[in-house]
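Asker: Here it is: the structure, laid out below.
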Amino acid sequence: MARVTTLVPPELEQQAVAWRRHLHAHPELSFEEHETARFVEETLRSFDGLELERPTATSVVARLYGSRPGNVLALRADMDALPIQEETGLPFASVHPGVMHACGHDAHTAILLASARALSEQRERLAGEVRFLFQHAEEKPPGGASRLVEAGALEGVDLVVGIHLFAQEPVGTVSVPPGPRTAAADTFAIEIRGKGGHAALPNETVDSIAVAAQAVTNLQHVVSRTVDPIESAVVSVTRFHAGTADNVIPEVVELGGTVRTYSPEVRASVRDSIDRILRGVTEAHGATYRFEYTEGPDAAALVEDAARAELGEEAIRHTPPIMGGEDFSAYLERTPGAFFVVGAGAKDWAPHHHPRFTIDEAAISPGIAVFVRTAPDYLGS
């Protein structure tokens with residue numbers, strides 16, 4: 001069993017357990033989480049420094065802005081229950097016949113509430129923004145994640161992290177599956193330098209805009225003509241800045257964009273292809289270039305390191321994939337991220353989606369700890 005984290009105060013852990021029990025007793029089905037969303041919103045309003053939104057009728061998004069600019073980290077929990085008659089006999093069992101929290105979403109919500117409270121108390125130490133996504137309807141297609149994305153809840157997010165408790169694993173253990181569940185999200189900055197001059201005398205210049213335009217056009221061939229069609233990659237030029245006057249050919253053009261890849265080999269190949277294209281285009285026209293390539297964070301490693309720091313090396317497990325479904329993928333289609341699993345195996349546990357399913361509430365504290373540690377590790381403190 002993993003050692004107990006020191007990051008989560010006992011009072012906060014007890015509060016999270018109380019929230020979880022309230023939610024467990026009052027489950028609501030997918031797309032019907034009206035009272036759950038109201039409870040979440042009211043609880044969040046009791047914390048300092050959060051800006052709240054209701055992007056859909058039964059979801060809640062809270063924004064916590066740090067003391068200075070920076071990246072945007074989204075933390076996500078799902079809130080819906082299942083159409084199951086509870087048979088646990090718990091004193092806080094469902095009061096709604098035929099509806100039960102049989103997958104741990106009550107605990108996910110409580111963990112994220114506690115994380116929002118803890119991080120709101122650290123706002124001055126954080127850069128950027130932490131965005132808390134309390135998502136509806138994970139259990140029912142088309143899923144609440146895609147609805148939140150459509151509503152703009154992920155706009156501007158640089159990294160998204162989700163949690164799931166897993167009754168089949170020992171309490172306090174954490175697994176962060178690596179691999180093609182998440183893409184490497186890299187960025188690049190390019191400076192193309194020519195020779196500026198009067199727009200009426202282009203022959204006396206090296207037109208940086210014309211060279212940069214050719215570079216952008218040629219970069220579109222990186223994926224289509226240098227990456228194996230079986231592999232996946234994205235190269236997007238998203239910034240093009242040049243010039244200050246209509247009759248002046250500028251000396252410098254600045255470009256920027258992003259590269260998304262899954263395999264290390266494709267990542268390296270794409271980077272090298274961009275550099276080769278820039279070198280060829282600029283040399284052909286007498287210009288020069290500067291190319292800066294920044295590798296994005298390894299989201300799985302970031303979360304795993306946070307878990308290791310809080311829970312110890314013995315808490316880290318590397319579990320094989322399972323065939324269970326999760327609509328968290330709707331977020332990962334838009335931005336890099338990671339999904340971690342916290343062991344919550346209770347004595348005489350029953351599997352997820354079972355009438356006697358329950359969790360060991362000692363799993364709540366490790367979940368909070370990983371969320372709260374990941375935020376400053378990524379955003380800076």
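Every chain in the structure tokens takes a letter, A first, then B, and so on in the order presented; its residues are numbered from 1, and the ligands are numbered from 1 following the presented order.
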Write out as a PyMOL selection string all residues of region 15-145 of chain A that DSSP puts in helix (DSSP H, G or I) for this structure's backbone.

Answerer: chain A and resi 15-25+34-45+105-120+123-125+144-145

Asker: Using only C-alpha atoms, determine which residues lie at most 8 Å from Glu138 (chain A), disregarding the query and same-chain residues fewer than 2 positions distant; provide the list as an mmCIF file with N, CA, C and O atoms, in the first residue's frame.

Answerer:
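After the write, around-v2.cif holds the following:
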data_model
loop_
_atom_site.group_PDB
_atom_site.id
_atom_site.type_symbol
_atom_site.label_atom_id
_atom_site.label_comp_id
_atom_site.auth_asym_id
_atom_site.auth_seq_id
_atom_site.Cartn_x
_atom_site.Cartn_y
_atom_site.Cartn_z
ATOM 1 N N SER A 30 -27.466 10.406 -16.574
ATOM 2 C CA SER A 30 -26.834 11.233 -17.594
ATOM 3 C C SER A 30 -27.828 12.216 -18.199
ATOM 4 O O SER A 30 -28.971 11.848 -18.511
ATOM 5 N N ASP A 78 -16.241 13.522 -13.837
ATOM 6 C CA ASP A 78 -17.600 13.263 -14.329
ATOM 7 C C ASP A 78 -18.557 13.128 -13.149
ATOM 8 O O ASP A 78 -18.159 12.808 -12.031
ATOM 9 N N MET A 79 -19.873 13.373 -13.388
ATOM 10 C CA MET A 79 -20.816 13.516 -12.276
ATOM 11 C C MET A 79 -22.026 12.587 -12.353
ATOM 12 O O MET A 79 -22.794 12.533 -11.394
ATOM 13 N N ASP A 80 -22.237 11.891 -13.467
ATOM 14 C CA ASP A 80 -23.494 11.168 -13.644
ATOM 15 C C ASP A 80 -23.473 9.784 -13.011
ATOM 16 O O ASP A 80 -22.422 9.206 -12.744
ATOM 17 N N GLN A 135 -18.124 17.530 -15.461
ATOM 18 C CA GLN A 135 -18.778 17.087 -16.690
ATOM 19 C C GLN A 135 -19.988 16.195 -16.417
ATOM 20 O O GLN A 135 -19.949 15.317 -15.562
ATOM 21 N N HIS A 136 -21.015 16.411 -17.168
ATOM 22 C CA HIS A 136 -22.208 15.582 -17.114
ATOM 23 C C HIS A 136 -22.075 14.409 -18.095
ATOM 24 O O HIS A 136 -21.214 14.395 -18.972
ATOM 25 N N LYS A 140 -23.434 8.036 -21.032
ATOM 26 C CA LYS A 140 -24.449 7.892 -22.080
ATOM 27 C C LYS A 140 -24.036 8.629 -23.344
ATOM 28 O O LYS A 140 -23.855 9.840 -23.324
ATOM 29 N N PRO A 141 -23.893 7.894 -24.449
ATOM 30 C CA PRO A 141 -23.561 8.563 -25.719
ATOM 31 C C PRO A 141 -24.628 9.596 -26.080
ATOM 32 O O PRO A 141 -25.797 9.396 -25.756
ATOM 33 N N GLY A 143 -22.290 11.564 -24.992
ATOM 34 C CA GLY A 143 -21.358 11.920 -23.954
ATOM 35 C C GLY A 143 -21.280 13.400 -23.683
ATOM 36 O O GLY A 143 -21.400 14.229 -24.578
ATOM 37 N N GLY A 144 -21.039 13.725 -22.406
ATOM 38 C CA GLY A 144 -20.959 15.127 -22.028
ATOM 39 C C GLY A 144 -19.677 15.801 -22.448
ATOM 40 O O GLY A 144 -19.648 17.024 -22.621
ATOM 41 N N ALA A 145 -18.603 15.025 -22.627
ATOM 42 C CA ALA A 145 -17.322 15.645 -22.995
ATOM 43 C C ALA A 145 -17.424 16.372 -24.323
ATOM 44 O O ALA A 145 -16.974 17.514 -24.458
ATOM 45 N N GLU A 326 -14.623 5.458 -22.204
ATOM 46 C CA GLU A 326 -14.538 6.751 -21.522
ATOM 47 C C GLU A 326 -14.585 7.847 -22.573
ATOM 48 O O GLU A 326 -13.854 7.792 -23.545
ATOM 49 N N ASP A 327 -15.439 8.854 -22.356
ATOM 50 C CA ASP A 327 -15.517 9.914 -23.367
ATOM 51 C C ASP A 327 -14.472 11.003 -23.145
ATOM 52 O O ASP A 327 -14.501 12.039 -23.800
#

Asker: Can you tell me, as an MDAnalysis selection string, which residues in region 53-229 of chain A count as strand (DSSP E) by DSSP?

Answerer: chainID A and resid 53 60:65 68:78 127:135 159:166 174:175 184:193 197:198

Asker: Limited to C-alpha atoms, could you put the picked residues into a file as a PDB file, in the first residue's frame?

Answerer:
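Once everything was written out, this is part-v1.pdb:
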ATOM      1  CA  GLU A  53     -19.852  29.069 -15.882  1.00  0.00           C
ATOM      2  CA  VAL A  60     -20.224  23.358 -14.319  1.00  0.00           C
ATOM      3  CA  VAL A  61     -16.901  24.945 -15.242  1.00  0.00           C
ATOM      4  CA  ALA A  62     -14.814  26.925 -12.762  1.00  0.00           C
ATOM      5  CA  ARG A  63     -11.797  29.063 -13.656  1.00  0.00           C
ATOM      6  CA  LEU A  64      -9.006  29.886 -11.242  1.00  0.00           C
ATOM      7  CA  TYR A  65      -6.574  32.541 -12.480  1.00  0.00           C
ATOM      8  CA  ARG A  68       0.576  36.038 -13.451  1.00  0.00           C
ATOM      9  CA  PRO A  69       0.092  34.862 -17.044  1.00  0.00           C
ATOM     10  CA  GLY A  70       0.867  31.288 -18.031  1.00  0.00           C
ATOM     11  CA  ASN A  71      -0.547  28.099 -19.493  1.00  0.00           C
ATOM     12  CA  VAL A  72      -4.041  26.740 -18.983  1.00  0.00           C
ATOM     13  CA  LEU A  73      -4.506  23.383 -17.230  1.00  0.00           C
ATOM     14  CA  ALA A  74      -7.926  21.714 -17.198  1.00  0.00           C
ATOM     15  CA  LEU A  75      -8.842  19.147 -14.526  1.00  0.00           C
ATOM     16  CA  ARG A  76     -11.906  17.011 -15.195  1.00  0.00           C
ATOM     17  CA  ALA A  77     -14.372  14.909 -13.200  1.00  0.00           C
ATOM     18  CA  ASP A  78     -17.600  13.263 -14.329  1.00  0.00           C
ATOM     19  CA  ALA A 127       0.798  31.139 -12.983  1.00  0.00           C
ATOM     20  CA  GLY A 128      -1.782  30.819 -15.752  1.00  0.00           C
ATOM     21  CA  GLU A 129      -5.184  29.236 -15.185  1.00  0.00           C
ATOM     22  CA  VAL A 130      -6.610  26.085 -13.680  1.00  0.00           C
ATOM     23  CA  ARG A 131      -9.951  25.199 -15.247  1.00  0.00           C
ATOM     24  CA  PHE A 132     -12.151  22.706 -13.394  1.00  0.00           C
ATOM     25  CA  LEU A 133     -14.495  20.727 -15.646  1.00  0.00           C
ATOM     26  CA  PHE A 134     -17.419  19.123 -13.828  1.00  0.00           C
ATOM     27  CA  GLN A 135     -18.778  17.087 -16.690  1.00  0.00           C
ATOM     28  CA  LEU A 159      -3.255  20.379 -21.089  1.00  0.00           C
ATOM     29  CA  VAL A 160      -6.164  18.365 -19.680  1.00  0.00           C
ATOM     30  CA  VAL A 161      -6.023  15.750 -16.916  1.00  0.00           C
ATOM     31  CA  GLY A 162      -8.777  13.365 -15.858  1.00  0.00           C
ATOM     32  CA  ILE A 163      -9.219  10.877 -13.007  1.00  0.00           C
ATOM     33  CA  HIS A 164     -10.963   7.553 -12.464  1.00  0.00           C
ATOM     34  CA  LEU A 165     -11.102   5.417  -9.341  1.00  0.00           C
ATOM     35  CA  PHE A 166     -10.684   1.710 -10.006  1.00  0.00           C
ATOM     36  CA  VAL A 174      -1.851   5.227  -9.238  1.00  0.00           C
ATOM     37  CA  SER A 175      -1.560   4.218 -12.864  1.00  0.00           C
ATOM     38  CA  ALA A 184       3.076  15.022 -27.992  1.00  0.00           C
ATOM     39  CA  ALA A 185       2.220  18.696 -28.386  1.00  0.00           C
ATOM     40  CA  ASP A 186       5.256  20.649 -29.544  1.00  0.00           C
ATOM     41  CA  THR A 187       5.560  24.240 -30.695  1.00  0.00           C
ATOM     42  CA  PHE A 188       7.895  26.021 -33.082  1.00  0.00           C
ATOM     43  CA  ALA A 189       9.006  29.581 -33.744  1.00  0.00           C
ATOM     44  CA  ILE A 190      10.603  30.600 -37.048  1.00  0.00           C
ATOM     45  CA  GLU A 191      12.290  33.832 -38.045  1.00  0.00           C
ATOM     46  CA  ILE A 192      12.956  34.365 -41.740  1.00  0.00           C
ATOM     47  CA  ARG A 193      15.295  37.247 -42.449  1.00  0.00           C
ATOM     48  CA  GLY A 197      13.471  47.846 -48.837  1.00  0.00           C
ATOM     49  CA  HIS A 198      10.993  49.883 -50.870  1.00  0.00           C
TER      50      HIS A 198
END

Asker: How many Å separate CA of Val372 (chain A) from CA of Gly156 (chain A)?

Answerer: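 That distance, rounded to one decimal, is 20.5 Å.
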
Asker: Taking only C-alpha atoms into account, name the residue in A:Asp106, A:Glu87, A:Glu361, A:Asp158 that is nearest to Trp19 (chain A).

Answerer: A:Asp106

Asker: I'd like the contact shell of Pro351 (chain A) - 9 Å cut-off, only C-alpha atoms, skipping same-chain residues fewer than 5 positions apart - returned as a list in words.

Answerer: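 Contacts, in chain order: Ala102, Cys103, Phe166, Ala167, Gln168, Arg356, Phe357 and Thr358 of chain A.
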
Asker: Dump C-alpha atoms for the selected residues as an mmCIF file, in the first residue's frame?

Answerer:
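Once written, out-v6.cif looks like this:
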data_model
loop_
_atom_site.group_PDB
_atom_site.id
_atom_site.type_symbol
_atom_site.label_atom_id
_atom_site.label_comp_id
_atom_site.auth_asym_id
_atom_site.auth_seq_id
_atom_site.Cartn_x
_atom_site.Cartn_y
_atom_site.Cartn_z
ATOM 1 C CA ALA A 102 -21.958 2.486 -9.393
ATOM 2 C CA CYS A 103 -18.777 3.727 -11.077
ATOM 3 C CA PHE A 166 -10.684 1.710 -10.006
ATOM 4 C CA ALA A 167 -11.992 -0.898 -7.575
ATOM 5 C CA GLN A 168 -9.810 -3.645 -9.017
ATOM 6 C CA ARG A 356 -23.055 -3.687 -4.723
ATOM 7 C CA PHE A 357 -20.198 -1.592 -6.111
ATOM 8 C CA THR A 358 -18.410 0.600 -3.609
#

Asker: Quick check, in Å to one decimal: how far apart do CA of Tyr331 (chain A) and CA of Ala116 (chain A) lie?

Answerer: 19.8 Å

Asker: Would you work out the distance separating CA of Ala362 (chain A) from CA of Val17 (chain A), expressed in Å to one decimal?

Answerer: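 Those two atoms sit 8.9 Å apart.
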
Asker: Which residues of region 265-367 of chain A come within 10 Å of region 146-154 of chain A, and what is each one's closest atom pair and distance in Å (one decimal), counting only C-alpha atoms, sorted by chain and residue number, as JSON lines?

Answerer:
{"residue": "A:Asp327", "atom": "CA", "partner": "A:Ser146", "partner_atom": "CA", "distance": 7.7}
{"residue": "A:Phe328", "atom": "CA", "partner": "A:Ser146", "partner_atom": "CA", "distance": 8.7}
{"residue": "A:Ser329", "atom": "CA", "partner": "A:Ser146", "partner_atom": "CA", "distance": 8.9}
{"residue": "A:Ala330", "atom": "CA", "partner": "A:Ser146", "partner_atom": "CA", "distance": 5.5}
{"residue": "A:Tyr331", "atom": "CA", "partner": "A:Val149", "partner_atom": "CA", "distance": 7.0}
{"residue": "A:Glu333", "atom": "CA", "partner": "A:Val149", "partner_atom": "CA", "distance": 9.9}
{"residue": "A:Arg334", "atom": "CA", "partner": "A:Leu154", "partner_atom": "CA", "distance": 7.9}
{"residue": "A:Thr335", "atom": "CA", "partner": "A:Leu154", "partner_atom": "CA", "distance": 8.2}

Asker: Do you know which residues are at most 8 Å from Ser120 (chain A) counting only C-alpha atoms, after dropping those on the same chain fewer than 3 positions away, and could you put them as a PyMOL selection string?

Answerer: chain A and resi 47-50+64+116-117+123

Asker: Selected residues, all heavy atoms, written as an mmCIF file, in the first residue's frame, please.

Answerer:
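The file below, part-v1.cif, is the result:
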data_model
loop_
_atom_site.group_PDB
_atom_site.id
_atom_site.type_symbol
_atom_site.label_atom_id
_atom_site.label_comp_id
_atom_site.auth_asym_id
_atom_site.auth_seq_id
_atom_site.Cartn_x
_atom_site.Cartn_y
_atom_site.Cartn_z
ATOM 1 N N PHE A 47 -15.870 28.989 -2.296
ATOM 2 C CA PHE A 47 -14.418 29.149 -2.360
ATOM 3 C C PHE A 47 -14.090 30.535 -2.906
ATOM 4 O O PHE A 47 -14.888 31.145 -3.606
ATOM 5 C CB PHE A 47 -13.772 28.086 -3.266
ATOM 6 C CG PHE A 47 -14.174 26.669 -2.962
ATOM 7 C CD1 PHE A 47 -14.133 25.694 -3.962
ATOM 8 C CD2 PHE A 47 -14.594 26.289 -1.696
ATOM 9 C CE1 PHE A 47 -14.499 24.390 -3.703
ATOM 10 C CE2 PHE A 47 -14.966 24.977 -1.421
ATOM 11 C CZ PHE A 47 -14.926 24.034 -2.432
ATOM 12 N N ASP A 48 -12.892 31.001 -2.617
ATOM 13 C CA ASP A 48 -12.475 32.314 -3.093
ATOM 14 C C ASP A 48 -11.825 32.229 -4.470
ATOM 15 O O ASP A 48 -11.107 31.269 -4.773
ATOM 16 C CB ASP A 48 -11.467 32.939 -2.111
ATOM 17 C CG ASP A 48 -12.120 33.312 -0.793
ATOM 18 O OD1 ASP A 48 -13.326 33.615 -0.796
ATOM 19 O OD2 ASP A 48 -11.411 33.287 0.238
ATOM 20 N N GLY A 49 -12.085 33.247 -5.293
ATOM 21 C CA GLY A 49 -11.301 33.431 -6.509
ATOM 22 C C GLY A 49 -11.705 32.628 -7.721
ATOM 23 O O GLY A 49 -10.971 32.609 -8.707
ATOM 24 N N LEU A 50 -12.862 31.981 -7.701
ATOM 25 C CA LEU A 50 -13.284 31.174 -8.845
ATOM 26 C C LEU A 50 -14.317 31.924 -9.676
ATOM 27 O O LEU A 50 -15.207 32.583 -9.137
ATOM 28 C CB LEU A 50 -13.885 29.845 -8.387
ATOM 29 C CG LEU A 50 -12.966 28.882 -7.638
ATOM 30 C CD1 LEU A 50 -13.749 27.646 -7.214
ATOM 31 C CD2 LEU A 50 -11.783 28.478 -8.509
ATOM 32 N N LEU A 64 -9.841 29.306 -12.277
ATOM 33 C CA LEU A 64 -9.006 29.886 -11.242
ATOM 34 C C LEU A 64 -7.790 30.508 -11.915
ATOM 35 O O LEU A 64 -6.989 29.800 -12.528
ATOM 36 C CB LEU A 64 -8.554 28.813 -10.246
ATOM 37 C CG LEU A 64 -7.578 29.268 -9.151
ATOM 38 C CD1 LEU A 64 -8.263 30.257 -8.207
ATOM 39 C CD2 LEU A 64 -7.039 28.069 -8.389
ATOM 40 N N ALA A 116 -10.261 21.987 -6.141
ATOM 41 C CA ALA A 116 -10.559 23.394 -6.425
ATOM 42 C C ALA A 116 -10.399 24.237 -5.172
ATOM 43 O O ALA A 116 -9.854 25.354 -5.223
ATOM 44 C CB ALA A 116 -11.973 23.519 -6.980
ATOM 45 N N ARG A 117 -10.856 23.709 -4.051
ATOM 46 C CA ARG A 117 -10.709 24.461 -2.802
ATOM 47 C C ARG A 117 -9.230 24.619 -2.439
ATOM 48 O O ARG A 117 -8.780 25.725 -2.096
ATOM 49 C CB ARG A 117 -11.454 23.745 -1.681
ATOM 50 C CG ARG A 117 -11.262 24.393 -0.326
ATOM 51 C CD ARG A 117 -12.049 23.713 0.751
ATOM 52 N NE ARG A 117 -11.376 23.855 2.047
ATOM 53 C CZ ARG A 117 -11.803 23.297 3.164
ATOM 54 N NH1 ARG A 117 -12.897 22.534 3.151
ATOM 55 N NH2 ARG A 117 -11.136 23.455 4.284
ATOM 56 N N ARG A 123 -3.766 30.411 -4.960
ATOM 57 C CA ARG A 123 -3.851 31.175 -6.207
ATOM 58 C C ARG A 123 -2.639 32.065 -6.435
ATOM 59 O O ARG A 123 -2.123 32.166 -7.551
ATOM 60 C CB ARG A 123 -5.129 32.021 -6.215
ATOM 61 C CG ARG A 123 -5.404 32.685 -7.551
ATOM 62 C CD ARG A 123 -6.582 33.615 -7.464
ATOM 63 N NE ARG A 123 -6.248 34.818 -6.696
ATOM 64 C CZ ARG A 123 -5.606 35.864 -7.207
ATOM 65 N NH1 ARG A 123 -5.208 35.854 -8.467
ATOM 66 N NH2 ARG A 123 -5.355 36.917 -6.455
#

Asker: Quick one: residues within 10 Å of region 226-239 of chain A, only C-alpha atoms, excluding same-chain residues fewer than 5 positions away - as number ranges by chain?

Answerer: A: 183-190, 216-217, 219-221, 254-263, 266-267, 269-271, 273-274
